[in-house]
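J.: Quick one, start_31.cif (mmCIF, C-alpha atoms):
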```cif
data_start
loop_
_atom_site.label_atom_id
_atom_site.label_comp_id
_atom_site.auth_asym_id
_atom_site.auth_seq_id
_atom_site.Cartn_x
_atom_site.Cartn_y
_atom_site.Cartn_z
CA MET A 22 126.58 102.71 38.25
CA ASN A 23 124.42 102.19 41.34
CA ASP A 24 122.36 105.27 40.43
CA LEU A 25 121.75 103.87 36.93
CA VAL A 26 120.71 100.50 38.34
CA GLN A 27 118.34 102.17 40.78
CA LEU A 28 116.85 104.38 38.07
CA SER A 29 116.42 101.42 35.72
CA GLY A 30 114.64 99.50 38.49
CA ASN A 31 112.31 102.44 39.07
CA LEU A 32 111.49 102.56 35.36
CA LEU A 33 110.66 98.84 35.37
CA GLU A 34 108.34 99.30 38.36
CA THR A 35 106.70 102.25 36.61
CA ALA A 36 106.13 100.18 33.48
CA PHE A 37 104.60 97.38 35.54
CA ILE A 38 102.14 99.77 37.20
CA LEU A 39 101.25 101.41 33.88
CA TYR A 40 100.51 98.01 32.33
CA LEU A 41 98.14 97.25 35.20
CA ILE A 42 96.35 100.59 34.71
CA ALA A 43 96.16 100.08 30.94
CA THR A 44 94.58 96.67 31.48
CA LEU A 45 91.79 98.29 33.49
CA PHE A 46 91.22 100.90 30.80
CA PHE A 47 91.03 98.22 28.10
CA GLY A 48 88.39 96.60 30.28
CA GLY A 49 86.53 99.92 30.28
CA GLY A 50 86.77 99.95 26.50
CA ILE A 51 85.12 96.52 26.36
CA ARG A 52 82.29 97.70 28.58
CA GLU A 53 81.69 100.81 26.46
CA ASN A 54 81.55 98.66 23.33
CA ARG A 55 79.06 96.21 24.78
CA ASN A 56 76.28 97.41 22.47
CA ARG A 57 78.42 97.42 19.32
CA GLU A 58 78.67 94.70 16.69
CA ASN A 59 82.29 93.90 17.59
CA ASN A 60 84.38 94.61 20.65
CA ALA A 61 86.91 96.49 18.57
CA GLY A 62 86.96 100.23 19.56
CA PRO A 63 88.51 102.62 19.41
CA ASN A 64 86.69 104.61 22.06
CA ARG A 65 87.79 106.97 24.81
CA TRP A 66 88.75 104.15 27.14
CA SER A 67 90.79 102.22 24.60
CA LYS A 68 92.52 105.40 23.38
CA ILE A 69 93.66 106.16 26.92
CA ALA A 70 94.62 102.51 27.42
CA ILE A 71 96.88 102.34 24.38
CA ILE A 72 98.55 105.65 25.29
CA ILE A 73 99.27 104.35 28.79
CA THR A 74 100.56 101.09 27.31
CA ILE A 75 102.94 102.95 24.99
CA ILE A 76 104.22 105.09 27.89
CA GLY A 77 104.73 101.91 29.92
CA PHE A 78 106.60 100.29 27.04
CA ALA A 79 108.81 103.39 26.68
CA SER A 80 109.49 103.27 30.40
CA GLN A 81 110.51 99.62 30.24
CA LEU A 82 112.64 100.31 27.20
CA GLY A 83 114.38 103.01 29.25
CA TYR A 84 115.00 100.41 31.97
CA PHE A 85 116.53 98.08 29.38
CA ILE A 86 118.86 100.76 27.96
CA LEU A 87 120.01 102.04 31.36
CA ARG A 88 120.69 98.52 32.63
CA TRP A 89 122.68 97.81 29.45
CA ILE A 90 124.78 100.93 30.09
CA ALA A 91 125.27 100.06 33.78
CA GLY A 92 126.22 96.43 33.13
CA GLY A 93 128.19 96.94 29.93
CA HIS A 94 126.31 94.12 28.19
CA ALA A 95 122.83 93.36 26.92
CA PRO A 96 120.60 92.66 29.95
CA VAL A 97 119.40 89.23 28.83
CA SER A 98 121.97 87.03 30.56
CA ASN A 99 119.92 85.65 33.47
CA MET A 100 116.32 84.79 34.34
CA PHE A 101 115.45 88.24 35.69
CA GLU A 102 116.78 90.04 32.63
CA PHE A 103 115.52 87.61 30.01
CA THR A 104 112.02 87.23 31.44
CA THR A 105 111.46 90.97 31.86
CA PHE A 106 112.73 91.51 28.30
CA PHE A 107 110.41 88.76 27.07
CA GLY A 108 107.46 90.48 28.75
CA MET A 109 108.45 93.81 27.21
CA MET A 110 108.57 92.31 23.73
CA ILE A 111 105.06 90.87 24.15
CA VAL A 112 103.84 94.38 24.92
CA GLY A 113 105.72 95.78 21.91
CA ALA A 114 104.25 93.14 19.60
CA PHE A 115 100.78 93.80 21.01
CA ILE A 116 101.08 97.55 20.37
CA VAL A 117 101.78 96.85 16.69
CA LEU A 118 98.82 94.46 16.45
CA TYR A 119 96.51 96.86 18.25
CA PHE A 120 96.98 99.54 15.62
CA MET A 121 96.21 96.92 12.99
CA TYR A 122 93.08 95.40 14.57
CA LYS A 123 91.91 97.74 17.41
CA LEU A 124 90.94 94.82 19.66
CA ASN A 125 90.42 95.85 23.30
CA THR A 126 90.13 92.24 24.44
CA LEU A 127 93.55 91.46 22.95
CA GLY A 128 94.94 94.25 25.13
CA ILE A 129 93.59 92.78 28.35
CA PHE A 130 94.92 89.28 27.79
CA ALA A 131 98.26 90.33 26.23
CA LEU A 132 99.00 92.73 29.08
CA VAL A 133 98.03 90.17 31.71
CA VAL A 134 100.47 87.65 30.20
CA SER A 135 103.18 90.32 30.11
CA ILE A 136 102.47 91.40 33.69
CA LEU A 137 102.70 87.82 34.92
CA LEU A 138 106.01 87.31 33.09
CA ILE A 139 107.54 90.51 34.45
CA ALA A 140 106.35 89.71 37.95
CA TYR A 141 107.74 86.18 37.59
CA GLY A 142 111.11 87.52 36.43
CA SER A 143 111.20 89.98 39.32
CA MET A 144 111.23 87.07 41.75
CA PHE A 145 114.81 86.25 40.67
CA PRO A 146 117.96 88.11 41.80
CA SER A 147 118.27 91.39 39.90
CA ASP A 148 121.93 92.14 40.65
CA ILE A 149 124.15 92.86 37.66
CA SER A 150 126.92 90.27 37.46
CA PRO A 151 129.94 90.06 35.14
CA LEU A 152 129.45 87.75 32.18
CA ILE A 153 131.11 84.36 32.25
CA PRO A 154 133.65 83.94 29.38
CA SER A 155 131.34 81.92 27.12
CA LEU A 156 128.71 84.66 27.27
CA ASN A 157 131.08 87.56 26.67
CA SER A 158 130.25 87.96 23.01
CA HIS A 159 128.17 90.20 20.76
CA TRP A 160 126.27 87.02 19.88
CA LEU A 161 124.63 87.31 23.33
CA TYR A 162 122.29 90.08 22.27
CA ILE A 163 122.05 88.89 18.66
CA HIS A 164 120.93 85.36 19.57
CA VAL A 165 119.00 85.91 22.80
CA THR A 166 117.12 89.07 21.86
CA THR A 167 116.09 87.70 18.47
CA ALA A 168 114.88 84.45 20.04
CA ALA A 169 112.94 86.39 22.69
CA ILE A 170 111.30 88.64 20.10
CA GLY A 171 110.27 85.60 18.07
CA GLN A 172 108.81 83.90 21.15
CA ALA A 173 106.99 87.09 22.14
CA ILE A 174 105.28 87.31 18.74
CA LEU A 175 104.42 83.61 18.91
CA SER A 176 102.97 84.18 22.38
CA LEU A 177 100.38 86.54 20.92
CA SER A 178 98.97 83.56 19.03
CA PHE A 179 98.35 82.02 22.46
CA VAL A 180 96.57 85.19 23.59
CA ALA A 181 94.40 85.11 20.47
CA GLY A 182 93.83 81.37 20.96
CA ILE A 183 92.61 81.82 24.53
CA ILE A 184 90.19 84.53 23.43
CA TYR A 185 88.91 82.30 20.62
CA LEU A 186 88.38 79.33 22.94
CA LEU A 187 86.62 81.41 25.60
CA LYS A 188 84.27 82.74 22.96
CA SER A 189 83.56 79.47 21.15
CA ILE A 190 83.38 76.95 24.01
CA ASP A 191 80.45 76.57 26.37
CA THR A 192 82.38 76.85 29.64
CA GLU A 193 79.51 75.47 31.70
CA GLU A 194 79.23 72.18 29.83
CA LYS A 195 80.93 69.03 31.05
CA GLY A 196 83.31 67.86 28.36
CA LYS A 197 86.92 67.66 27.23
CA ARG A 198 86.96 71.10 25.62
CA SER A 199 85.70 72.95 28.68
CA PHE A 200 87.92 70.83 30.95
CA TRP A 201 91.11 71.71 29.08
CA LEU A 202 90.14 75.37 28.83
CA GLU A 203 89.65 75.47 32.58
CA SER A 204 93.03 73.75 32.97
CA ILE A 205 94.60 76.70 31.20
CA MET A 206 92.93 79.08 33.64
CA TYR A 207 94.25 76.94 36.49
CA THR A 208 97.77 77.24 35.10
CA LEU A 209 97.50 81.03 35.01
CA ILE A 210 96.39 80.98 38.64
CA LEU A 211 99.51 78.94 39.42
CA ALA A 212 101.58 81.84 38.08
CA VAL A 213 99.81 84.13 40.54
CA GLY A 214 100.46 81.58 43.27
CA PHE A 215 104.18 81.61 42.52
CA MET A 216 104.34 85.38 42.91
CA LEU A 217 102.40 85.33 46.18
CA VAL A 218 104.34 82.50 47.83
CA THR A 219 107.69 83.91 46.76
CA THR A 220 106.81 87.37 47.99
CA GLY A 221 105.46 85.99 51.26
CA PHE A 222 108.60 84.07 52.19
CA SER A 223 110.76 86.97 51.01
CA VAL A 224 108.96 89.35 53.38
CA ALA A 225 109.39 86.77 56.15
CA ASP A 226 113.13 86.68 55.29
CA TYR A 227 113.15 82.87 55.22
CA LYS A 228 116.50 81.23 54.54
CA ALA A 229 117.83 77.69 54.97
CA ASP A 230 121.27 76.54 53.83
CA PHE A 231 122.14 73.02 52.70
CA ASN A 232 125.47 71.37 52.06
CA TRP A 233 125.10 69.07 49.04
CA ILE A 234 127.01 67.12 46.37
CA ASN A 235 126.63 68.13 42.72
CA LYS A 236 126.81 65.81 39.70
CA ASP A 237 130.60 66.26 39.53
CA GLY A 238 131.02 65.09 43.11
CA GLN A 239 131.80 68.57 44.43
CA GLU A 240 130.45 69.97 47.69
CA LYS A 241 128.22 73.00 47.27
CA ILE A 242 126.04 75.26 49.41
CA ALA A 243 122.38 75.76 48.43
CA SER A 244 120.35 78.56 50.03
CA TYR A 245 116.60 77.94 50.11
CA ALA A 246 114.20 80.90 50.22
CA MET A 247 111.24 78.60 51.00
CA PRO A 248 110.86 75.67 53.42
CA ALA A 249 112.48 72.62 51.84
CA LEU A 250 109.88 70.06 50.82
CA VAL A 251 112.57 68.41 48.67
CA GLY A 252 116.29 68.62 49.35
CA PRO A 253 119.41 68.60 47.16
CA HIS A 254 121.47 65.51 46.39
CA GLU A 255 122.95 64.10 49.62
CA GLY A 256 121.88 67.34 51.30
CA GLU A 257 122.69 68.25 54.90
CA LEU A 258 120.71 71.05 56.58
CA LEU A 259 123.06 73.65 58.03
CA THR A 260 120.52 76.16 59.37
CA GLU A 261 118.91 75.39 62.72
CA ASN A 262 115.16 75.28 63.33
CA LYS A 263 114.27 74.94 59.65
CA LEU A 264 112.22 72.27 57.91
CA THR A 265 114.19 69.12 57.09
CA PRO A 266 113.06 67.56 53.79
CA LYS A 267 112.04 63.91 53.61
CA ILE A 268 112.90 63.60 49.90
CA PHE A 269 116.27 64.30 48.24
CA THR A 270 116.65 64.61 44.49
CA PRO A 271 119.32 63.28 42.11
CA ALA A 272 122.20 65.66 41.35
CA ILE A 273 120.94 66.32 37.79
CA ILE A 274 117.83 68.08 39.18
CA ASP A 275 117.99 71.55 40.70
CA ALA A 276 116.23 70.72 43.96
CA LYS A 277 115.93 74.32 45.14
CA ARG A 278 113.96 75.38 42.10
CA LEU A 279 111.95 72.16 42.06
CA ASN A 280 111.01 73.03 45.64
CA SER A 281 109.81 76.44 44.48
CA MET A 282 107.65 74.80 41.81
CA ILE A 283 106.07 72.48 44.40
CA TRP A 284 105.24 75.45 46.61
CA THR A 285 103.78 77.17 43.56
CA LEU A 286 101.58 74.16 42.83
CA ILE A 287 100.30 74.06 46.40
CA THR A 288 99.64 77.81 46.67
CA GLY A 289 98.10 78.15 43.22
CA THR A 290 95.80 75.19 43.79
CA VAL A 291 94.54 76.66 47.06
CA ILE A 292 93.86 80.02 45.40
CA TYR A 293 92.09 78.37 42.48
CA TRP A 294 89.71 76.40 44.64
CA LEU A 295 89.03 79.37 46.92
CA ILE A 296 87.89 81.34 43.85
CA ARG A 297 85.80 78.39 42.70
CA LEU A 298 84.16 78.01 46.13
CA VAL A 299 83.38 81.72 46.50
CA SER A 300 82.09 82.26 42.95
CA ARG A 301 80.59 78.77 42.50
CA ARG A 302 81.70 78.96 38.89
CA ARG A 303 84.70 78.02 36.79
CA ILE A 304 87.35 80.68 36.19
CA SER A 305 86.68 80.47 32.45
CA THR A 306 83.00 81.19 33.06
CA LEU A 307 83.88 84.21 35.21
CA ILE A 308 85.94 85.88 32.47
CA LYS A 309 83.84 84.79 29.48
CA PRO A 310 81.88 88.10 29.41
CA LEU A 311 85.13 89.82 28.35
CA VAL A 312 84.98 88.09 24.96
CA LYS A 313 81.23 88.37 24.37
CA LYS A 314 81.53 90.71 21.36
CA VAL A 315 84.70 89.25 19.84
CA ASN A 316 84.69 88.47 16.11
CA LEU A 317 85.96 84.88 15.85
CA ASP A 318 87.23 85.19 12.27
CA LEU A 319 89.22 88.31 13.18
CA ILE A 320 90.81 86.82 16.30
CA ASP A 321 91.65 83.65 14.33
CA GLU A 322 93.47 85.81 11.79
CA VAL A 323 95.42 87.54 14.58
CA GLY A 324 96.60 84.18 15.91
CA TYR A 325 97.63 82.95 12.48
CA ARG A 326 99.54 86.12 11.57
CA SER A 327 101.35 86.02 14.91
CA VAL A 328 102.73 82.57 14.07
CA LEU A 329 103.43 83.53 10.48
CA ILE A 330 105.64 86.42 11.63
CA GLY A 331 107.03 84.99 14.86
CA PHE A 332 108.08 81.61 13.46
CA PRO A 333 110.85 82.82 11.09
CA VAL A 334 112.10 85.33 13.69
CA PHE A 335 112.39 82.56 16.29
CA ALA A 336 114.02 80.19 13.80
CA LEU A 337 116.63 82.83 13.04
CA GLY A 338 117.42 83.67 16.67
CA GLY A 339 116.66 80.41 18.45
CA LEU A 340 118.36 78.05 16.00
CA ILE A 341 120.54 79.68 13.32
CA PHE A 342 122.18 82.38 15.47
CA ALA A 343 122.35 79.91 18.37
CA MET A 344 124.26 77.35 16.30
CA ILE A 345 126.70 79.96 15.05
CA TRP A 346 127.42 81.10 18.60
CA ALA A 347 127.67 77.50 19.82
CA GLN A 348 130.34 76.83 17.21
CA ILE A 349 132.28 79.90 18.35
CA ALA A 350 131.89 79.28 22.09
CA TRP A 351 131.91 75.46 22.32
CA THR A 352 133.42 74.45 18.95
CA ARG A 353 130.31 72.56 17.87
CA PHE A 354 127.02 73.54 16.23
CA TRP A 355 124.86 71.09 18.18
CA GLY A 356 125.28 69.18 21.42
CA TRP A 357 121.84 67.95 22.56
CA ASP A 358 121.88 70.26 25.56
CA PRO A 359 118.33 70.40 27.10
CA LYS A 360 117.88 74.02 26.00
CA GLU A 361 118.95 73.21 22.45
CA VAL A 362 116.62 70.22 22.29
CA TRP A 363 113.60 72.22 23.42
CA ALA A 364 114.41 75.07 21.05
CA LEU A 365 114.32 72.48 18.26
CA ILE A 366 111.04 71.07 19.59
CA THR A 367 109.57 74.59 19.59
CA PHE A 368 110.70 75.12 15.99
CA LEU A 369 109.29 71.80 14.82
CA PHE A 370 105.98 72.37 16.58
CA TYR A 371 105.32 75.73 14.95
CA ALA A 372 106.44 74.32 11.60
CA ALA A 373 103.78 71.64 12.09
CA PHE A 374 101.30 74.37 13.11
CA LEU A 375 101.77 76.18 9.80
CA HIS A 376 101.67 72.92 7.84
CA LEU A 377 98.39 71.84 9.44
CA ARG A 378 96.91 75.30 8.99
CA LEU A 379 97.88 75.73 5.35
CA SER A 380 97.68 72.14 4.07
CA ARG A 381 95.05 70.50 6.26
CA GLY A 382 92.77 73.48 6.89
CA TRP A 383 93.18 73.55 10.66
CA HIS A 384 91.53 76.93 11.21
CA GLY A 385 89.46 78.25 14.09
CA GLU A 386 89.31 76.13 17.23
CA LYS A 387 91.92 73.60 16.10
CA SER A 388 94.36 76.41 15.38
CA ALA A 389 93.58 77.99 18.78
CA TRP A 390 94.37 74.75 20.62
CA LEU A 391 97.66 74.44 18.71
CA ALA A 392 98.57 78.00 19.75
CA VAL A 393 97.93 77.10 23.39
CA ILE A 394 100.13 73.99 23.15
CA GLY A 395 102.86 76.03 21.47
CA PHE A 396 102.87 78.55 24.31
CA ALA A 397 103.02 75.69 26.82
CA ILE A 398 106.18 74.48 25.07
CA ILE A 399 107.68 77.99 25.24
CA MET A 400 106.89 78.21 28.96
CA PHE A 401 108.30 74.75 29.62
CA ASN A 402 111.48 75.84 27.88
CA LEU A 403 111.61 79.05 29.92
CA ILE A 404 110.77 77.62 33.32
CA ALA A 405 111.37 73.88 33.61
CA VAL A 406 114.36 73.59 31.26
CA ASN A 407 116.09 76.65 32.71
CA LEU A 408 115.37 75.97 36.35
CA ILE A 409 115.28 72.20 36.79
CA LEU A 410 117.28 70.43 34.07
CA ALA A 411 121.01 70.99 34.42
CA GLY A 412 122.90 71.85 31.24
CA LEU A 413 125.22 74.27 29.50
CA HIS A 414 122.49 76.91 29.63
CA SER A 415 122.07 76.67 33.42
CA TYR A 416 123.73 80.06 33.77
CA ALA A 417 120.47 81.48 32.48
CA ALA A 418 118.92 80.69 35.85
#
```
Re-express the file's structure as C-alpha cells.

T.:
Amino acid sequence: MNDLVQLSGNLLETAFILYLIATLFFGGGIRENRNRENNAGPNRWSKIAIIITIIGFASQLGYFILRWIAGGHAPVSNMFEFTTFFGMMIVGAFIVLYFMYKLNTLGIFALVVSILLIAYGSMFPSDISPLIPSLNSHWLYIHVTTAAIGQAILSLSFVAGIIYLLKSIDTEEKGKRSFWLESIMYTLILAVGFMLVTTGFSVADYKADFNWINKDGQEKIASYAMPALVGPHEGELLTENKLTPKIFTPAIIDAKRLNSMIWTLITGTVIYWLIRLVSRRRISTLIKPLVKKVNLDLIDEVGYRSVLIGFPVFALGGLIFAMIWAQIAWTRFWGWDPKEVWALITFLFYAAFLHLRLSRGWHGEKSAWLAVIGFAIIMFNLIAVNLILAGLHSYAA
C-alpha cells in the first residue's frame, strides 16, 4: 500500500510539473501567433503544449486510480483529494474545449487555475484515512465526482470571462470596471500567497498546540502550523515560546483555518504591492498582452457553452445525487447544512445566469462578469464553507 501511495504522489507531482511546462508552451504559441488575425493556433508551440497537457492529465489520472486502489475508496473524501481531483477535471474539460476551439490563451489561464488548485490542495494532509461510516457508500464517488466535474466545467466559463474582460476593458483607466478586474488579479495573487506562507512555515516546522472547547462543550487539541493571530474558543496555549493570540473566536468558527486565511491575506497583499511597486503597473495591465489577439465573440461562446454543459452536470451531482445520499445517510433530503445551502446558491446563480443570457440578452461583458461571480461562489463553497463554517460536511476539511 505504501508503495502505491508513494507512486501516486510521484504521478501527481509529475502532472503538476507538466502543467507548468505546458503553460509556458501555450505562451510560446501566443507569441508565434502575434501576427495572425486571431490567437488561435495551432502552431508548433501549441501542438507541443497540448501533448504535454494530455500527458500531464494522464499522469494525474494514474495518481487518482492508484490512490483509489491503495485507499479502497474514491479519493475525494477530504480537501487534498477533492481539490486535486477538481483541478484535474478542469484540465480534462479544457482539453476537450481546446480541440474544439484551438485557443492558446484559454490554455494558459485554465492551466494556471488548475495549478493553483492542485497546489492549494497539496497544502492539506495527504494521508489516506479510513472513511467515517456516513461516507462509506458508493454514493461518495457518484455524488462528489459528478459535482466536481460540473464545477470544473463551470470554472472554464470563469477562465473565458477573465480573458474577455482583459481584452475588452481598458486596464489603465480609473473606473469601476478596471477596479473590479484588478481585484480579481489581487485574489489570484492571494492564492499564491497562501502557497508561499504555508510552505514557508512547513519548512520551518512551526507547530503550536492549543487546548480549546468546541461547540458541544468538549475539550479538544488544535495544532497550528502558523503563528496564531486568532485562537480557538476558550483556547489555552500549550506550546512554550509561541505566539499567544489576542483574539479568540466562537466555537462555530474553525479558528485554525481562519488563522491560515488571515496569514494568506497578509502575505498575498504584500506580494501584490511588491509587484505593483516594481512594475509600476496593475497586474491586469501586465498580462493584457496575452489576450491581444483574442476573438471576443469566440471567447464569449466558450464561456456560454461551459455553463450550458456544466450547469446540468452540477445540478445532477451537487443537488439530486446529494439529496438521495442525504436521505440514505441522515434520513432526510435537506437539512440547511452550510454546504447544502451554498450548493443551492450555486445552482440558483447559474440558473439565473442562463435566464439572463437567453431571455435578457446578457452577452459579452455582462456574461463575463456573471461567470466571474459564479466562480467566486464556487471558491467560497470550496474554501470558506469547508474550512471555516462548521457543519455536517466538516469532514471534507

J.: For a quick check of your reading of the model, name the residues lying within 8 Å of the coordinate (103.3, 86.5, 38.0), counting only C-alpha atoms, and write them as a PDB file with C-alpha atoms, in the frame of the given file.

T.:
```
ATOM      1  CA  ILE A 136     102.470  91.400  33.690  1.00  0.00           C
ATOM      2  CA  LEU A 137     102.700  87.820  34.920  1.00  0.00           C
ATOM      3  CA  LEU A 138     106.010  87.310  33.090  1.00  0.00           C
ATOM      4  CA  ILE A 139     107.540  90.510  34.450  1.00  0.00           C
ATOM      5  CA  ALA A 140     106.350  89.710  37.950  1.00  0.00           C
ATOM      6  CA  TYR A 141     107.740  86.180  37.590  1.00  0.00           C
ATOM      7  CA  ALA A 212     101.580  81.840  38.080  1.00  0.00           C
ATOM      8  CA  VAL A 213      99.810  84.130  40.540  1.00  0.00           C
ATOM      9  CA  GLY A 214     100.460  81.580  43.270  1.00  0.00           C
ATOM     10  CA  PHE A 215     104.180  81.610  42.520  1.00  0.00           C
ATOM     11  CA  MET A 216     104.340  85.380  42.910  1.00  0.00           C
TER      12      MET A 216
END
```

J.: What would the selection look like, as a PDB file with C-alpha atoms, in the coordinates of the input, if the PyMOL selection byres ((chain A and resi 304) around 12) were run on the coordinates I just shared?

T.:
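For reference, expr_28.pdb as written:
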```
ATOM      1  CA  LEU A 187      86.620  81.410  25.600  1.00  0.00           C
ATOM      2  CA  THR A 192      82.380  76.850  29.640  1.00  0.00           C
ATOM      3  CA  GLU A 193      79.510  75.470  31.700  1.00  0.00           C
ATOM      4  CA  SER A 199      85.700  72.950  28.680  1.00  0.00           C
ATOM      5  CA  PHE A 200      87.920  70.830  30.950  1.00  0.00           C
ATOM      6  CA  LEU A 202      90.140  75.370  28.830  1.00  0.00           C
ATOM      7  CA  GLU A 203      89.650  75.470  32.580  1.00  0.00           C
ATOM      8  CA  SER A 204      93.030  73.750  32.970  1.00  0.00           C
ATOM      9  CA  ILE A 205      94.600  76.700  31.200  1.00  0.00           C
ATOM     10  CA  MET A 206      92.930  79.080  33.640  1.00  0.00           C
ATOM     11  CA  TYR A 207      94.250  76.940  36.490  1.00  0.00           C
ATOM     12  CA  THR A 208      97.770  77.240  35.100  1.00  0.00           C
ATOM     13  CA  LEU A 209      97.500  81.030  35.010  1.00  0.00           C
ATOM     14  CA  ILE A 210      96.390  80.980  38.640  1.00  0.00           C
ATOM     15  CA  ILE A 292      93.860  80.020  45.400  1.00  0.00           C
ATOM     16  CA  TYR A 293      92.090  78.370  42.480  1.00  0.00           C
ATOM     17  CA  TRP A 294      89.710  76.400  44.640  1.00  0.00           C
ATOM     18  CA  LEU A 295      89.030  79.370  46.920  1.00  0.00           C
ATOM     19  CA  ILE A 296      87.890  81.340  43.850  1.00  0.00           C
ATOM     20  CA  ARG A 297      85.800  78.390  42.700  1.00  0.00           C
ATOM     21  CA  LEU A 298      84.160  78.010  46.130  1.00  0.00           C
ATOM     22  CA  VAL A 299      83.380  81.720  46.500  1.00  0.00           C
ATOM     23  CA  SER A 300      82.090  82.260  42.950  1.00  0.00           C
ATOM     24  CA  ARG A 301      80.590  78.770  42.500  1.00  0.00           C
ATOM     25  CA  ARG A 302      81.700  78.960  38.890  1.00  0.00           C
ATOM     26  CA  ARG A 303      84.700  78.020  36.790  1.00  0.00           C
ATOM     27  CA  SER A 305      86.680  80.470  32.450  1.00  0.00           C
ATOM     28  CA  THR A 306      83.000  81.190  33.060  1.00  0.00           C
ATOM     29  CA  LEU A 307      83.880  84.210  35.210  1.00  0.00           C
ATOM     30  CA  ILE A 308      85.940  85.880  32.470  1.00  0.00           C
ATOM     31  CA  LYS A 309      83.840  84.790  29.480  1.00  0.00           C
ATOM     32  CA  PRO A 310      81.880  88.100  29.410  1.00  0.00           C
TER      33      PRO A 310
END
```

J.: As an exercise, work out the distance from atom CA of Leu87 of chain A to atom CA of Phe332 of chain A in Å and give it to one decimal place.

T.: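 Interatomic distance, atom CA of Leu87 of chain A to atom CA of Phe332 of chain A: 29.7 Å.
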
J.: Neighbours of Ile116 of chain A within 9 Å (all atoms listed in the file; same-chain residues fewer than 4 positions away dropped), as an mmCIF file with C-alpha atoms, in the frame of the given file?

T.:
```
data_model
loop_
_atom_site.group_PDB
_atom_site.id
_atom_site.type_symbol
_atom_site.label_atom_id
_atom_site.label_comp_id
_atom_site.auth_asym_id
_atom_site.auth_seq_id
_atom_site.Cartn_x
_atom_site.Cartn_y
_atom_site.Cartn_z
ATOM 1 C CA ILE A 71 96.880 102.340 24.380
ATOM 2 C CA THR A 74 100.560 101.090 27.310
ATOM 3 C CA ILE A 75 102.940 102.950 24.990
ATOM 4 C CA ILE A 111 105.060 90.870 24.150
ATOM 5 C CA VAL A 112 103.840 94.380 24.920
ATOM 6 C CA PHE A 120 96.980 99.540 15.620
ATOM 7 C CA MET A 121 96.210 96.920 12.990
ATOM 8 C CA GLY A 128 94.940 94.250 25.130
#
```

J.: When the PyMOL selection byres ((chain A and resi 224-227) around 8) is applied to the file above, which residues end up in the set, as an mmCIF file with C-alpha atoms, in the frame of the given file?

T.:
```cif
data_model
loop_
_atom_site.group_PDB
_atom_site.id
_atom_site.type_symbol
_atom_site.label_atom_id
_atom_site.label_comp_id
_atom_site.auth_asym_id
_atom_site.auth_seq_id
_atom_site.Cartn_x
_atom_site.Cartn_y
_atom_site.Cartn_z
ATOM 1 C CA THR A 220 106.810 87.370 47.990
ATOM 2 C CA GLY A 221 105.460 85.990 51.260
ATOM 3 C CA PHE A 222 108.600 84.070 52.190
ATOM 4 C CA SER A 223 110.760 86.970 51.010
ATOM 5 C CA LYS A 228 116.500 81.230 54.540
ATOM 6 C CA ALA A 229 117.830 77.690 54.970
ATOM 7 C CA TYR A 245 116.600 77.940 50.110
ATOM 8 C CA ALA A 246 114.200 80.900 50.220
ATOM 9 C CA MET A 247 111.240 78.600 51.000
ATOM 10 C CA PRO A 248 110.860 75.670 53.420
#
```

J.: Taking the file above as input, evaluate the PyMOL selection byres ((chain A and resi 254) around 7) and report the hits as a list of chain:residue names.

T.: A:Trp233, A:Ile234, A:Asn235, A:Gly252, A:Pro253, A:Glu255, A:Gly256, A:Phe269, A:Thr270, A:Pro271, A:Ala272

J.: Do you have the atom CA of Ala43 of chain A-atom CA of Met109 of chain A distance handy?

T.: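 According to the coordinates, atom CA of Ala43 of chain A and atom CA of Met109 of chain A are separated by 14.3 Å.
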
J.: Considering only C-alpha atoms, can you say which of A:Leu217, A:Leu286, A:Val180, A:Ile174 comes closest to Asp321 of chain A?

T.: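 Among the listed residues, the smallest separation from Asp321 of chain A belongs to A:Val180.
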